[in-house]
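K.L.:
Dropping the structure in here first, questions after.
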Amino acid sequence: MRYMSLPMSPRLPRMSVVISLLALVACGGGGGGGGAAPANNGGGVSYTPGVYQPSSGLAAQCASPRTGNDPNGRPWPDRQGSVASENNFLRSWTNELYLWYREVSDLNPSSTPDPLGYFDLLKTNAATASGQPKDKFHFTFDTDDWIALSQSGVEAGYGAQWFLAANTPPRRIVVAYTEPGSPAVANNLTRGVEVLTVDGVDAVNGNTQAMVDTLNAGLFPAAAGETHTFTVRELNGAQRTVSMASANITSTPVQNVSTISTASGVVGYLLFNDHIATSEAALATAVNTLRTANIQDLILDIRYNGGGFLDIASSLSYMIAGTATSGRTFERMTFNDKHPTTNPVTGAPLAPTPFHTIGNFGATDGVALPTLNLPRVYVLTSRSTCSASEAIMNSLRGINIAVYQIGSTTCGKPYGFYPRDNCGTTYFSIQFQGNNDVGFGEYSDGFSPNNTTGAAGVRLPGCSVADDFTRALGDASEARLAAALAFRAGNNQPEACPAATGFAPGVVSKPGQ
């Protein structure tokens, strides 16, 4: 399946760079090995600048081969190799599939003694029009973790999604939302609760590497069964100590499905947090509920949705727009210039991806999907709204569905990739750009509400509104939801917006981010 998501640290199961020192030195990449003479780098790897062997013949040559079977019961394909042979695979694979392969330095596979470090260098260093890095989405997962997360939404943690309003001292780390039945819920952690210390380390001002390591270890446990202690501050200012044991948390990607009565009809609300395989059936159930309620409009809350399977995005887009999608294109994929007519991963001819009217996952696989047949949608967004979530917005705009944006600028990722396992690591490297039915796909600086101040991406009708951690998600008085309702009541006119406040930085620290 094609997958779109936010970047995460290549070395930790959660984003290690989100908790950082006051000042970090940026490490630059090394140059390629010059000269024309081939070099042998150990493990049977021969390197000639500009010459790339097919990656298919270099895969699964591992410094530490896996034994046993994969989740489908088939033996892992690994055989003995070396770090250099793993790097050699990454070099050829990048040259074959990376969207901007011409902008990648040709690096000797022996130049970096770590495949993860080598992979970090195999990307463009160019910038967007706004000065942001062109490729912000180059990352890895441990393969076992990736399989568990992408297929079933299972990962080690507490069931609290942390929002990092500031990731350098003085930091502000708050709970964005929680997973039902999780340790976070059992310990009464609710939206807006702020973390002050982790295992005795000051989470606000701690500024040594040892402190940062402790913060990361406590906030983002590597496995179930770890116990960590937190000092937290409630919304009313009261402080308390919480001791939590991490567990294998199953994500509930669709939450808080509800309706709101207004003078102009019933409005539906839906919190959608993750495009994982289990979300399709949950989305179909939610849409059936809202359709039965005869809603007139939908407010889709994707402020914390960093992306996932594009097939889920296509399905949800159909479930929103219905008949308007007939015969139209959800997305056209464009790969690098080596692959103008054929998908290089699947081998299939490149053809437009339709809006899915039939499910593709789990309980909805092969089942006709329900639809709301709406002419417009209100989306609640943030910098954590990314990739497949942005594809929903872009695809609907491409078929003349009005998309009204309330919140802040999205991450800006019109790109995707096919995850690739090699030797126990799953690599994510940008391979294609997606364009909508009218051929638009350049939103690398994100989508922004029209009244956004300062730097903005593609401007959409709507209101710039900061996140409101004093209210529960789905509460009609929560600032972003309230602004969406007011904007709708004001006939979707700019005058109905509050003063712009949605420019504050911050991201939700979740897998893929």
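Ordering of the structure tokens sets the chain letters (A, B, ...), residue numbers begin anew at 1 in every chain, and ligands are numbered from 1 in the order given.
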Per DSSP on the backbone, filter region 385-454 of chain A down to the residues in helix (DSSP H, G or I) and report them as a list in words.
P.N.:
Ala388, Ser389, Glu390, Ala391, Ile392, Met393, Asn394, Ser395, Leu396, Arg397 and Gly398 of chain A
K.L.:
Can you list, as a list in words, every protein, DNA or RNA residue that comes within 12 Å of Ala184 (chain A) when you count only C-alpha atoms, leaving out same-chain residues fewer than 6 positions away?
P.N.:
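Answer for this query is Gly157, Tyr158, Gly159, Ala160, Gln161, Trp162, Val175, Ala176, Tyr177, Thr178, Thr190, Arg191, Val193, Leu219, Phe230, Val232, Val242, Ser243, Met244, Ala245, Ser246, Ala247 and Ile249 of chain A.
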K.L.:
I'd like to know which residues of region 188-237 of chain A are strand (DSSP E) (by DSSP, run on the backbone); could you write them as a ChimeraX atom specification?
P.N.:
/A:194-198,201-202,227-233
K.L.:
Quick one: everything within 6 Å of region 437-452 of chain A, counting only C-alpha atoms, minus sequence neighbours fewer than 4 positions away in the same chain. Send it as a PyMOL selection string.
P.N.:
chain A and resi 329+398+405+409-413+456-464
K.L.:
Could you list, with a cut-off of 7 Å and counting only C-alpha atoms, the residues of region 300-417 of chain A near region 429-435 of chain A, each shown with its nearest atom pair and the distance in Å rounded to one decimal, rows sorted by chain and ascending number, as a tab-separated table?
P.N.:
```
residue	atom	partner	partner_atom	distance
A:Glu331	CA	A:Asn435	CA	5.3
A:Arg332	CA	A:Asn435	CA	5.1
A:Met333	CA	A:Gly434	CA	4.7
A:Thr334	CA	A:Phe432	CA	5.2
A:Phe335	CA	A:Phe432	CA	4.5
A:Pro414	CA	A:Gln433	CA	5.7
A:Tyr415	CA	A:Gln433	CA	4.4
A:Gly416	CA	A:Phe432	CA	5.5
A:Phe417	CA	A:Gln431	CA	5.0
```
K.L.:
Write a file of the just-selected residues containing N, CA and C atoms, as a compact mmCIF listing (two decimals), in the first residue's frame.
P.N.:
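Written file, again_16.txt:
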```txt
# COMPACT_ATOMS: atom_id res chain seq x y z
N GLU A 331 -6.23 10.96 -7.14
CA GLU A 331 -4.83 11.38 -7.22
C GLU A 331 -4.15 10.74 -8.42
N ARG A 332 -3.25 11.51 -9.02
CA ARG A 332 -2.34 11.00 -10.04
C ARG A 332 -0.94 11.02 -9.45
N MET A 333 -0.27 9.89 -9.50
CA MET A 333 1.09 9.81 -8.97
C MET A 333 2.10 10.10 -10.07
N THR A 334 3.11 10.92 -9.73
CA THR A 334 4.22 11.19 -10.63
C THR A 334 5.50 10.76 -9.95
N PHE A 335 6.21 9.81 -10.57
CA PHE A 335 7.49 9.33 -10.05
C PHE A 335 8.63 10.12 -10.71
N PRO A 414 2.96 16.92 -0.28
CA PRO A 414 2.23 16.32 -1.40
C PRO A 414 2.95 15.10 -1.96
N TYR A 415 3.69 14.42 -1.12
CA TYR A 415 4.56 13.33 -1.54
C TYR A 415 4.20 12.04 -0.80
N GLY A 416 4.68 10.94 -1.36
CA GLY A 416 4.44 9.65 -0.71
C GLY A 416 5.54 8.66 -1.03
N PHE A 417 5.40 7.49 -0.45
CA PHE A 417 6.42 6.46 -0.62
C PHE A 417 5.82 5.09 -0.36
```
K.L.:
List as JSON lines every residue of region 347-427 of chain A that is in contact with region 284-304 of chain A, defined as an atom at most 12 Å from one of its atoms (using only C-alpha atoms), together with the nearest atom pair and the distance in Å rounded to one decimal, sorted by chain and then rising number.
P.N.:
```
{"residue": "A:Thr357", "atom": "CA", "partner": "A:Ala284", "partner_atom": "CA", "distance": 11.1}
{"residue": "A:Ile358", "atom": "CA", "partner": "A:Ala284", "partner_atom": "CA", "distance": 10.7}
{"residue": "A:Gly359", "atom": "CA", "partner": "A:Ala284", "partner_atom": "CA", "distance": 9.0}
{"residue": "A:Asn360", "atom": "CA", "partner": "A:Ala284", "partner_atom": "CA", "distance": 11.7}
{"residue": "A:Phe361", "atom": "CA", "partner": "A:Ala284", "partner_atom": "CA", "distance": 11.2}
{"residue": "A:Gly362", "atom": "CA", "partner": "A:Ala284", "partner_atom": "CA", "distance": 11.7}
{"residue": "A:Ala363", "atom": "CA", "partner": "A:Ala284", "partner_atom": "CA", "distance": 10.0}
{"residue": "A:Thr364", "atom": "CA", "partner": "A:Ala284", "partner_atom": "CA", "distance": 8.0}
{"residue": "A:Asp365", "atom": "CA", "partner": "A:Ala284", "partner_atom": "CA", "distance": 11.4}
{"residue": "A:Val367", "atom": "CA", "partner": "A:Ala284", "partner_atom": "CA", "distance": 10.1}
{"residue": "A:Ala368", "atom": "CA", "partner": "A:Ala284", "partner_atom": "CA", "distance": 9.6}
{"residue": "A:Leu369", "atom": "CA", "partner": "A:Ala284", "partner_atom": "CA", "distance": 6.4}
{"residue": "A:Pro370", "atom": "CA", "partner": "A:Ala284", "partner_atom": "CA", "distance": 6.3}
{"residue": "A:Thr371", "atom": "CA", "partner": "A:Val287", "partner_atom": "CA", "distance": 6.7}
{"residue": "A:Leu372", "atom": "CA", "partner": "A:Arg291", "partner_atom": "CA", "distance": 5.9}
{"residue": "A:Asn373", "atom": "CA", "partner": "A:Arg291", "partner_atom": "CA", "distance": 9.3}
{"residue": "A:Leu374", "atom": "CA", "partner": "A:Asp297", "partner_atom": "CA", "distance": 6.9}
{"residue": "A:Pro375", "atom": "CA", "partner": "A:Asp297", "partner_atom": "CA", "distance": 8.6}
{"residue": "A:Arg376", "atom": "CA", "partner": "A:Asp297", "partner_atom": "CA", "distance": 7.2}
{"residue": "A:Val377", "atom": "CA", "partner": "A:Leu298", "partner_atom": "CA", "distance": 5.5}
{"residue": "A:Tyr378", "atom": "CA", "partner": "A:Ile299", "partner_atom": "CA", "distance": 4.7}
{"residue": "A:Val379", "atom": "CA", "partner": "A:Leu300", "partner_atom": "CA", "distance": 4.8}
{"residue": "A:Leu380", "atom": "CA", "partner": "A:Asp301", "partner_atom": "CA", "distance": 4.7}
{"residue": "A:Thr381", "atom": "CA", "partner": "A:Arg303", "partner_atom": "CA", "distance": 3.9}
{"residue": "A:Ser382", "atom": "CA", "partner": "A:Arg303", "partner_atom": "CA", "distance": 4.8}
{"residue": "A:Arg383", "atom": "CA", "partner": "A:Arg303", "partner_atom": "CA", "distance": 7.6}
{"residue": "A:Ser384", "atom": "CA", "partner": "A:Tyr304", "partner_atom": "CA", "distance": 5.2}
{"residue": "A:Thr385", "atom": "CA", "partner": "A:Arg303", "partner_atom": "CA", "distance": 5.2}
{"residue": "A:Cys386", "atom": "CA", "partner": "A:Tyr304", "partner_atom": "CA", "distance": 8.6}
{"residue": "A:Ser387", "atom": "CA", "partner": "A:Ile302", "partner_atom": "CA", "distance": 11.2}
{"residue": "A:Ala388", "atom": "CA", "partner": "A:Ile302", "partner_atom": "CA", "distance": 10.4}
{"residue": "A:Ser389", "atom": "CA", "partner": "A:Ile302", "partner_atom": "CA", "distance": 6.9}
{"residue": "A:Glu390", "atom": "CA", "partner": "A:Ile302", "partner_atom": "CA", "distance": 9.3}
{"residue": "A:Ala391", "atom": "CA", "partner": "A:Ile302", "partner_atom": "CA", "distance": 11.8}
{"residue": "A:Ile392", "atom": "CA", "partner": "A:Ile302", "partner_atom": "CA", "distance": 10.2}
{"residue": "A:Met393", "atom": "CA", "partner": "A:Ile302", "partner_atom": "CA", "distance": 10.4}
{"residue": "A:Ala402", "atom": "CA", "partner": "A:Asp297", "partner_atom": "CA", "distance": 11.3}
{"residue": "A:Val403", "atom": "CA", "partner": "A:Ile299", "partner_atom": "CA", "distance": 10.3}
{"residue": "A:Tyr404", "atom": "CA", "partner": "A:Ile299", "partner_atom": "CA", "distance": 9.3}
{"residue": "A:Gln405", "atom": "CA", "partner": "A:Ile299", "partner_atom": "CA", "distance": 9.8}
{"residue": "A:Ile406", "atom": "CA", "partner": "A:Asp301", "partner_atom": "CA", "distance": 9.4}
{"residue": "A:Gly407", "atom": "CA", "partner": "A:Arg303", "partner_atom": "CA", "distance": 7.8}
{"residue": "A:Ser408", "atom": "CA", "partner": "A:Arg303", "partner_atom": "CA", "distance": 8.7}
{"residue": "A:Thr409", "atom": "CA", "partner": "A:Arg303", "partner_atom": "CA", "distance": 10.0}
{"residue": "A:Thr410", "atom": "CA", "partner": "A:Arg303", "partner_atom": "CA", "distance": 8.5}
{"residue": "A:Cys411", "atom": "CA", "partner": "A:Arg303", "partner_atom": "CA", "distance": 10.5}
```
K.L.:
Using the selection just defined, write its residues with C-alpha atoms as a PDB file, in the first residue's frame.
P.N.:
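What landed in part23.pdb:
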```
ATOM      1  CA  THR A 357     -16.264   3.346  -3.342  1.00  0.00           C
ATOM      2  CA  ILE A 358     -15.392  -0.146  -2.109  1.00  0.00           C
ATOM      3  CA  GLY A 359     -13.385  -0.790   1.055  1.00  0.00           C
ATOM      4  CA  ASN A 360      -9.852  -2.176   1.017  1.00  0.00           C
ATOM      5  CA  PHE A 361      -9.113  -3.067   4.639  1.00  0.00           C
ATOM      6  CA  GLY A 362     -10.337  -5.450   7.317  1.00  0.00           C
ATOM      7  CA  ALA A 363     -14.075  -5.600   7.896  1.00  0.00           C
ATOM      8  CA  THR A 364     -14.765  -3.248   4.979  1.00  0.00           C
ATOM      9  CA  ASP A 365     -12.571  -5.068   2.452  1.00  0.00           C
ATOM     10  CA  VAL A 367     -17.745  -3.867   0.992  1.00  0.00           C
ATOM     11  CA  ALA A 368     -19.535  -0.868  -0.532  1.00  0.00           C
ATOM     12  CA  LEU A 369     -18.752   2.240   1.513  1.00  0.00           C
ATOM     13  CA  PRO A 370     -21.431   4.646   2.788  1.00  0.00           C
ATOM     14  CA  THR A 371     -21.422   8.301   1.813  1.00  0.00           C
ATOM     15  CA  LEU A 372     -22.704  11.618   3.107  1.00  0.00           C
ATOM     16  CA  ASN A 373     -22.923  13.253  -0.356  1.00  0.00           C
ATOM     17  CA  LEU A 374     -21.834  16.626   0.996  1.00  0.00           C
ATOM     18  CA  PRO A 375     -20.901  19.601  -1.216  1.00  0.00           C
ATOM     19  CA  ARG A 376     -18.430  20.972   1.341  1.00  0.00           C
ATOM     20  CA  VAL A 377     -16.407  20.044   4.394  1.00  0.00           C
ATOM     21  CA  TYR A 378     -14.870  21.980   7.292  1.00  0.00           C
ATOM     22  CA  VAL A 379     -11.436  20.703   8.336  1.00  0.00           C
ATOM     23  CA  LEU A 380      -9.647  21.466  11.607  1.00  0.00           C
ATOM     24  CA  THR A 381      -5.894  21.496  11.009  1.00  0.00           C
ATOM     25  CA  SER A 382      -2.459  22.127  12.503  1.00  0.00           C
ATOM     26  CA  ARG A 383       1.189  21.669  11.569  1.00  0.00           C
ATOM     27  CA  SER A 384       0.625  17.994  12.456  1.00  0.00           C
ATOM     28  CA  THR A 385      -1.950  17.663   9.658  1.00  0.00           C
ATOM     29  CA  CYS A 386       0.116  16.021   6.987  1.00  0.00           C
ATOM     30  CA  SER A 387       0.384  13.924   3.876  1.00  0.00           C
ATOM     31  CA  ALA A 388      -2.645  11.655   3.428  1.00  0.00           C
ATOM     32  CA  SER A 389      -4.676  14.149   5.473  1.00  0.00           C
ATOM     33  CA  GLU A 390      -3.644  16.923   3.100  1.00  0.00           C
ATOM     34  CA  ALA A 391      -4.481  14.607   0.194  1.00  0.00           C
ATOM     35  CA  ILE A 392      -8.091  14.538   1.401  1.00  0.00           C
ATOM     36  CA  MET A 393      -8.192  18.323   1.254  1.00  0.00           C
ATOM     37  CA  ALA A 402     -15.601  23.403  -0.919  1.00  0.00           C
ATOM     38  CA  VAL A 403     -12.908  22.869   1.709  1.00  0.00           C
ATOM     39  CA  TYR A 404     -12.969  25.338   4.601  1.00  0.00           C
ATOM     40  CA  GLN A 405      -9.900  25.306   6.836  1.00  0.00           C
ATOM     41  CA  ILE A 406      -9.962  26.227  10.525  1.00  0.00           C
ATOM     42  CA  GLY A 407      -6.751  26.099  12.554  1.00  0.00           C
ATOM     43  CA  SER A 408      -3.191  26.575  11.366  1.00  0.00           C
ATOM     44  CA  THR A 409      -0.975  25.794   8.383  1.00  0.00           C
ATOM     45  CA  THR A 410      -0.566  22.105   7.546  1.00  0.00           C
ATOM     46  CA  CYS A 411       2.806  20.404   7.188  1.00  0.00           C
TER      47      CYS A 411
END
```
K.L.:
Write out as a list in words which residues come within 9 Å of Pro180 (chain A) when counting only C-alpha atoms, dropping same-chain ones fewer than 5 positions away.
P.N.:
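Result of the neighbour search: Gly159, Val185, Ser251 and Thr252 of chain A.
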K.L.:
Can those selected residues be exported to a file as a PDB file, in the first residue's frame so that it contains C-alpha atoms?
P.N.:
```pdb
ATOM      1  CA  GLY A 159      -1.975   6.150  25.381  1.00  0.00           C
ATOM      2  CA  VAL A 185      -6.863   7.371  31.051  1.00  0.00           C
ATOM      3  CA  SER A 251      -4.756   3.169  18.522  1.00  0.00           C
ATOM      4  CA  THR A 252      -8.398   4.155  18.188  1.00  0.00           C
TER       5      THR A 252
END
```
